file target_7.csv (CSV, C-alpha atoms)
chain,number,residue,atom,x,y,z
V,1,MET,CA,-2.7,-1.6,-21.3
V,2,PHE,CA,-0.7,-1.6,-18.0
V,3,ASN,CA,-1.3,2.2,-17.6
V,4,THR,CA,-5.1,1.7,-18.0
V,5,ILE,CA,-5.1,-1.1,-15.4
V,6,LEU,CA,-3.1,1.0,-13.1
V,7,LEU,CA,-5.4,4.0,-13.4
V,8,TRP,CA,-8.5,1.8,-12.8
V,9,SER,CA,-6.8,0.3,-9.8
V,10,LEU,CA,-6.0,3.7,-8.4
V,11,LEU,CA,-9.6,4.6,-8.7
V,12,LEU,CA,-11.3,1.4,-7.5
V,13,PHE,CA,-9.0,-0.4,-4.9
V,14,PRO,CA,-9.0,2.5,-2.4
V,15,TRP,CA,-12.8,2.4,-2.3
V,16,LEU,CA,-12.8,-1.3,-1.7
V,17,SER,CA,-10.4,-0.7,1.2
V,18,LEU,CA,-13.2,1.1,3.0
V,19,PHE,CA,-14.9,-2.3,3.7
V,20,PHE,CA,-12.2,-2.6,6.4
V,21,MET,CA,-13.2,0.6,8.1
V,22,ASN,CA,-16.3,0.9,10.4
V,23,ARG,CA,-19.3,2.8,9.1
V,24,ARG,CA,-19.1,5.5,11.8
V,25,SER,CA,-15.6,6.4,10.8
V,26,ILE,CA,-16.5,6.5,7.2
V,27,LYS,CA,-19.4,8.9,8.0
V,28,ARG,CA,-17.2,11.0,10.2
V,29,PHE,CA,-14.4,11.5,7.6
V,30,MET,CA,-16.2,11.3,4.3
V,31,PRO,CA,-17.0,15.1,4.3
V,32,VAL,CA,-13.3,15.9,4.5
V,33,GLY,CA,-12.6,13.4,1.8
V,34,ILE,CA,-15.1,15.0,-0.5
V,35,PHE,CA,-13.9,18.5,0.4
V,36,VAL,CA,-10.3,17.6,-0.5
V,37,ALA,CA,-11.5,16.1,-3.8
V,38,LEU,CA,-13.3,19.4,-4.5
V,39,LEU,CA,-10.1,21.4,-3.6
V,40,LEU,CA,-8.0,19.1,-5.8
V,41,SER,CA,-10.4,19.5,-8.7
V,42,ILE,CA,-10.0,23.2,-8.5
V,43,ILE,CA,-6.2,22.9,-8.3
V,44,TYR,CA,-6.3,20.7,-11.3
V,45,GLU,CA,-8.3,23.3,-13.2
V,46,ILE,CA,-5.8,26.0,-12.3
V,47,ALA,CA,-2.9,23.7,-13.2
V,48,PHE,CA,-4.5,23.1,-16.6
V,49,ILE,CA,-4.8,26.9,-17.3
V,50,TYR,CA,-1.2,27.6,-16.2
V,51,GLU,CA,0.2,24.4,-17.6
V,52,TRP,CA,1.7,23.2,-14.4
V,53,TRP,CA,1.5,19.7,-15.6
V,54,GLU,CA,-0.1,17.6,-18.4
V,55,ILE,CA,-2.1,14.5,-18.0
V,56,LYS,CA,-1.2,12.3,-20.9
V,57,GLU,CA,-3.4,9.2,-20.1
V,58,SER,CA,-6.8,8.9,-18.4
V,59,ILE,CA,-9.5,6.3,-18.1
V,60,LEU,CA,-12.2,8.9,-18.8
V,61,PRO,CA,-12.6,11.2,-21.8
V,62,TRP,CA,-12.8,14.3,-19.5
V,63,GLY,CA,-9.8,13.2,-17.5
V,64,LYS,CA,-7.3,15.4,-19.3
V,65,ILE,CA,-7.8,18.2,-16.9
V,66,THR,CA,-8.4,16.4,-13.6
V,67,ASN,CA,-7.0,12.9,-13.0
V,68,PRO,CA,-10.1,11.1,-11.8
V,69,SER,CA,-8.1,8.0,-10.7
V,70,TYR,CA,-6.1,10.0,-8.3
V,71,VAL,CA,-8.5,12.7,-7.1
V,72,TYR,CA,-11.6,10.6,-6.7
V,73,GLY,CA,-9.9,7.4,-5.8
V,74,THR,CA,-6.5,7.3,-4.1
V,75,PHE,CA,-6.5,10.8,-2.7
V,76,LEU,CA,-10.1,11.0,-1.5
V,77,VAL,CA,-10.0,7.6,0.2
V,78,GLY,CA,-6.4,8.0,1.3
V,79,THR,CA,-7.5,11.2,3.1
V,80,ILE,CA,-10.2,9.3,5.0
V,81,TRP,CA,-7.6,6.6,6.0
V,82,ILE,CA,-5.1,9.2,7.1
V,83,PHE,CA,-7.7,10.9,9.3
V,84,TYR,CA,-8.8,7.6,10.7
V,85,PHE,CA,-5.3,6.7,11.9
V,86,THR,CA,-3.9,10.2,12.8
V,87,TYR,CA,-6.7,12.7,13.6
V,88,GLN,CA,-6.3,12.2,17.4
V,89,SER,CA,-3.0,14.1,17.2
V,90,PHE,CA,-2.3,17.2,15.1
V,91,TRP,CA,1.4,16.6,14.9
V,92,LEU,CA,0.9,12.9,14.0
V,93,PHE,CA,-1.4,14.1,11.2
V,94,ILE,CA,1.0,16.7,9.9
V,95,VAL,CA,4.1,14.4,10.0
V,96,THR,CA,2.1,11.6,8.3
V,97,ASN,CA,1.0,14.0,5.6
V,98,LEU,CA,4.5,15.4,5.1
V,99,VAL,CA,5.7,11.8,4.5
V,100,VAL,CA,2.8,10.9,2.2
V,101,ASP,CA,3.1,14.2,0.3
V,102,ALA,CA,6.8,13.7,-0.1
V,103,LEU,CA,6.3,10.2,-1.4
V,104,PHE,CA,3.7,11.5,-3.8
V,105,SER,CA,5.6,14.5,-5.0
V,106,PHE,CA,9.1,13.0,-5.3
V,107,GLY,CA,8.3,9.4,-6.0
V,108,PHE,CA,4.8,8.8,-7.5
V,109,LEU,CA,4.9,11.8,-9.8
V,110,LYS,CA,8.3,10.7,-11.2
V,111,TRP,CA,7.0,7.1,-11.7
V,112,MET,CA,3.9,8.4,-13.5
V,113,GLU,CA,6.2,10.5,-15.8
V,114,MET,CA,8.4,7.4,-16.4
V,115,LEU,CA,5.2,5.5,-17.5
V,116,GLY,CA,4.3,8.4,-19.8
V,117,MET,CA,1.0,9.1,-18.0
V,118,HIS,CA,1.9,12.6,-16.6
V,119,GLU,CA,4.4,15.3,-17.3
V,120,MET,CA,5.4,18.2,-15.0
V,121,LYS,CA,5.8,21.4,-16.9
V,122,ASN,CA,5.7,24.8,-15.1
V,123,LEU,CA,5.6,23.4,-11.6
V,124,SER,CA,8.4,21.6,-9.8
V,125,GLU,CA,7.9,18.5,-7.6
V,126,PHE,CA,8.9,20.7,-4.6
V,127,GLN,CA,6.1,23.2,-5.5
V,128,ALA,CA,3.7,20.3,-5.8
V,129,PHE,CA,4.8,19.1,-2.4
V,130,LEU,CA,4.1,22.6,-0.9
V,131,ILE,CA,0.6,22.6,-2.4
V,132,MET,CA,-0.1,19.2,-1.0
V,133,THR,CA,1.2,20.3,2.4
V,134,ALA,CA,-0.9,23.4,2.4
V,135,LEU,CA,-3.9,21.3,1.6
V,136,SER,CA,-3.2,19.1,4.6
V,137,PHE,CA,-3.5,22.1,6.9
V,138,ILE,CA,-6.6,23.3,5.2
V,139,ILE,CA,-8.4,19.9,5.5
V,140,TYR,CA,-7.3,19.4,9.1
V,141,PHE,CA,-8.9,22.6,10.2
V,142,TYR,CA,-11.9,21.9,8.0
V,143,GLN,CA,-12.4,18.6,9.9
V,144,ARG,CA,-12.0,20.4,13.2
V,145,TRP,CA,-14.7,22.9,12.1
V,146,GLN,CA,-16.9,20.1,10.8
V,147,GLU,CA,-16.7,18.2,14.1
V,148,GLU,CA,-17.5,21.4,16.2
V,149,ALA,CA,-20.4,22.2,13.9
V,150,PHE,CA,-22.1,18.8,14.5
V,151,VAL,CA,-21.3,18.3,18.1
V,152,ASP,CA,-24.4,17.3,20.1
V,153,ARG,CA,-25.0,20.5,22.2
V,154,SER,CA,-27.7,18.9,24.3
V,155,SER,CA,-25.3,16.8,26.4
call {"tool": "encode", "arguments": {"input": "target_7.csv", "output": "structure tokens"}}
result
Amino acid sequence: MFNTILLWSLLLFPWLSLFFMNRRSIKRFMPVGIFVALLLSIIYEIAFIYEWWEIKESILPWGKITNPSYVYGTFLVGTIWIFYFTYQSFWLFIVTNLVVDALFSFGFLKWMEMLGMHEMKNLSEFQAFLIMTALSFIIYFYQRWQEEAFVDRSS
């Protein structure tokens, strides 16, 4: 029961937090949030095939491949918040992501394993950290490209 409540919380509470962000920022950073959710969904598909990890509990029947609570809740919205607070400085963004990725890889994943919700198999926590760090570079440059593509060229 605790695990189910936790998974629903990881999905819903991040979305509720967006009520504290202005609409303009949400519109500005939502594309990168959706993009990272797509990339993570692909990574989860690869992880399923190569048995990098196993999702043992999910709130949705199809959640045994991709963890919807994390990918479409915590990570998607967390990405929006990280961009909101750090996008003005590349180095601030990277350092923040390194800290968050380390907390996720070396803390959160261990905790999820202790709760019996997740098990690392053919991928170490350090390798997960490297994947998350690589994603942070990809999404930063995606956001830069996105902003250049939609700049008002008439002014």
call {"tool": "closest_residue", "arguments": {"input": "target_7.csv", "among": "V:Met21, V:Val77, V:Leu7, V:Ile46", "to": "V:Leu123", "atoms": "all atoms listed in the file"}}
result
V:Ile46
call {"tool": "closest_residue", "arguments": {"input": "target_7.csv", "among": "V:Met114, V:Ile139, V:Ile5, V:Ile65", "to": "V:Ile49", "atoms": "all atoms listed in the file"}}
result
V:Ile65
call {"tool": "atom_distance", "arguments": {"input": "target_7.csv", "atom1": "atom CA of V:Val71", "atom2": "atom CA of V:Arg23"}}
result
21.8 Å
call {"tool": "closest_residue", "arguments": {"input": "target_7.csv", "among": "V:Trp53, V:Val32, V:Lys27, V:Asn67", "to": "V:Trp8", "atoms": "only C-alpha atoms"}}
result
V:Asn67
call {"tool": "residues_near_point", "arguments": {"input": "target_7.csv", "point": "(-13.5, 12.6, 6.6)", "cutoff": "6 Å", "atoms": "only C-alpha atoms", "output": "list in words"}}
result
Arg28, Phe29, Met30, Pro31, Val32, Gly33 and Ile80 of chain V
call {"tool": "closest_residue", "arguments": {"input": "target_7.csv", "among": "V:Leu103, V:Ile26, V:Asn122, V:Thr96", "to": "V:Tyr50", "atoms": "all atoms listed in the file"}}
result
V:Asn122
call {"tool": "closest_residue", "arguments": {"input": "target_7.csv", "among": "V:Val95, V:Leu109, V:Leu76, V:Leu40", "to": "V:Ile131", "atoms": "only C-alpha atoms"}}
result
V:Leu40
call {"tool": "residues_around", "arguments": {"input": "target_7.csv", "residues": "V:Met1", "least_positions_apart": "3", "cutoff": "12 Å", "atoms": "all atoms listed in the file", "output": "PDB file with C-alpha atoms, in the frame of the given file"}}
result
ATOM      1  CA  THR V   4      -5.100   1.700 -18.000  1.00  0.00           C
ATOM      2  CA  ILE V   5      -5.100  -1.100 -15.400  1.00  0.00           C
ATOM      3  CA  LEU V   6      -3.100   1.000 -13.100  1.00  0.00           C
ATOM      4  CA  LEU V   7      -5.400   4.000 -13.400  1.00  0.00           C
ATOM      5  CA  TRP V   8      -8.500   1.800 -12.800  1.00  0.00           C
ATOM      6  CA  GLU V  57      -3.400   9.200 -20.100  1.00  0.00           C
ATOM      7  CA  SER V  58      -6.800   8.900 -18.400  1.00  0.00           C
ATOM      8  CA  ILE V  59      -9.500   6.300 -18.100  1.00  0.00           C
ATOM      9  CA  LEU V 115       5.200   5.500 -17.500  1.00  0.00           C
ATOM     10  CA  MET V 117       1.000   9.100 -18.000  1.00  0.00           C
TER      11      MET V 117
END
call {"tool": "closest_residue", "arguments": {"input": "target_7.csv", "among": "V:Trp81, V:Phe126, V:Phe141, V:Phe48", "to": "V:Phe106", "atoms": "all atoms listed in the file"}}
result
V:Phe126
call {"tool": "atom_distance", "arguments": {"input": "target_7.csv", "atom1": "atom CA of V:Phe2", "atom2": "atom CA of V:Glu119"}}
result
17.7 Å
call {"tool": "atom_distance", "arguments": {"input": "target_7.csv", "atom1": "atom CA of V:Ile82", "atom2": "atom CA of V:Leu11"}}
result
17.1 Å
call {"tool": "residues_around", "arguments": {"input": "target_7.csv", "residues": "V:Leu98", "least_positions_apart": "5", "cutoff": "12 Å", "atoms": "all atoms listed in the file", "output": "PDB file with C-alpha atoms, keeping the file's coordinate frame"}}
result
ATOM      1  CA  ILE V  82      -5.100   9.200   7.100  1.00  0.00           C
ATOM      2  CA  TRP V  91       1.400  16.600  14.900  1.00  0.00           C
ATOM      3  CA  LEU V  92       0.900  12.900  14.000  1.00  0.00           C
ATOM      4  CA  PHE V  93      -1.400  14.100  11.200  1.00  0.00           C
ATOM      5  CA  LEU V 103       6.300  10.200  -1.400  1.00  0.00           C
ATOM      6  CA  PHE V 104       3.700  11.500  -3.800  1.00  0.00           C
ATOM      7  CA  SER V 105       5.600  14.500  -5.000  1.00  0.00           C
ATOM      8  CA  PHE V 106       9.100  13.000  -5.300  1.00  0.00           C
ATOM      9  CA  PHE V 126       8.900  20.700  -4.600  1.00  0.00           C
ATOM     10  CA  ALA V 128       3.700  20.300  -5.800  1.00  0.00           C
ATOM     11  CA  PHE V 129       4.800  19.100  -2.400  1.00  0.00           C
ATOM     12  CA  LEU V 130       4.100  22.600  -0.900  1.00  0.00           C
ATOM     13  CA  ILE V 131       0.600  22.600  -2.400  1.00  0.00           C
ATOM     14  CA  MET V 132      -0.100  19.200  -1.000  1.00  0.00           C
ATOM     15  CA  THR V 133       1.200  20.300   2.400  1.00  0.00           C
ATOM     16  CA  ALA V 134      -0.900  23.400   2.400  1.00  0.00           C
ATOM     17  CA  LEU V 135      -3.900  21.300   1.600  1.00  0.00           C
ATOM     18  CA  SER V 136      -3.200  19.100   4.600  1.00  0.00           C
ATOM     19  CA  PHE V 137      -3.500  22.100   6.900  1.00  0.00           C
TER      20      PHE V 137
END
call {"tool": "residues_around", "arguments": {"input": "target_7.csv", "residues": "V:Met112", "least_positions_apart": "4", "cutoff": "10 Å", "atoms": "all atoms listed in the file", "output": "list in words"}}
result
Asn3, Ile55, Lys56, Glu57, Gly107, Phe108, Gly116, Met117, His118 and Glu119 of chain V
call {"tool": "write_last_selection", "arguments": {"input": "target_7.csv", "atoms": "C-alpha atoms", "output": "PDB file, in the coordinates of the input"}}
result
ATOM      1  CA  ASN V   3      -1.300   2.200 -17.600  1.00  0.00           C
ATOM      2  CA  ILE V  55      -2.100  14.500 -18.000  1.00  0.00           C
ATOM      3  CA  LYS V  56      -1.200  12.300 -20.900  1.00  0.00           C
ATOM      4  CA  GLU V  57      -3.400   9.200 -20.100  1.00  0.00           C
ATOM      5  CA  GLY V 107       8.300   9.400  -6.000  1.00  0.00           C
ATOM      6  CA  PHE V 108       4.800   8.800  -7.500  1.00  0.00           C
ATOM      7  CA  GLY V 116       4.300   8.400 -19.800  1.00  0.00           C
ATOM      8  CA  MET V 117       1.000   9.100 -18.000  1.00  0.00           C
ATOM      9  CA  HIS V 118       1.900  12.600 -16.600  1.00  0.00           C
ATOM     10  CA  GLU V 119       4.400  15.300 -17.300  1.00  0.00           C
TER      11      GLU V 119
END
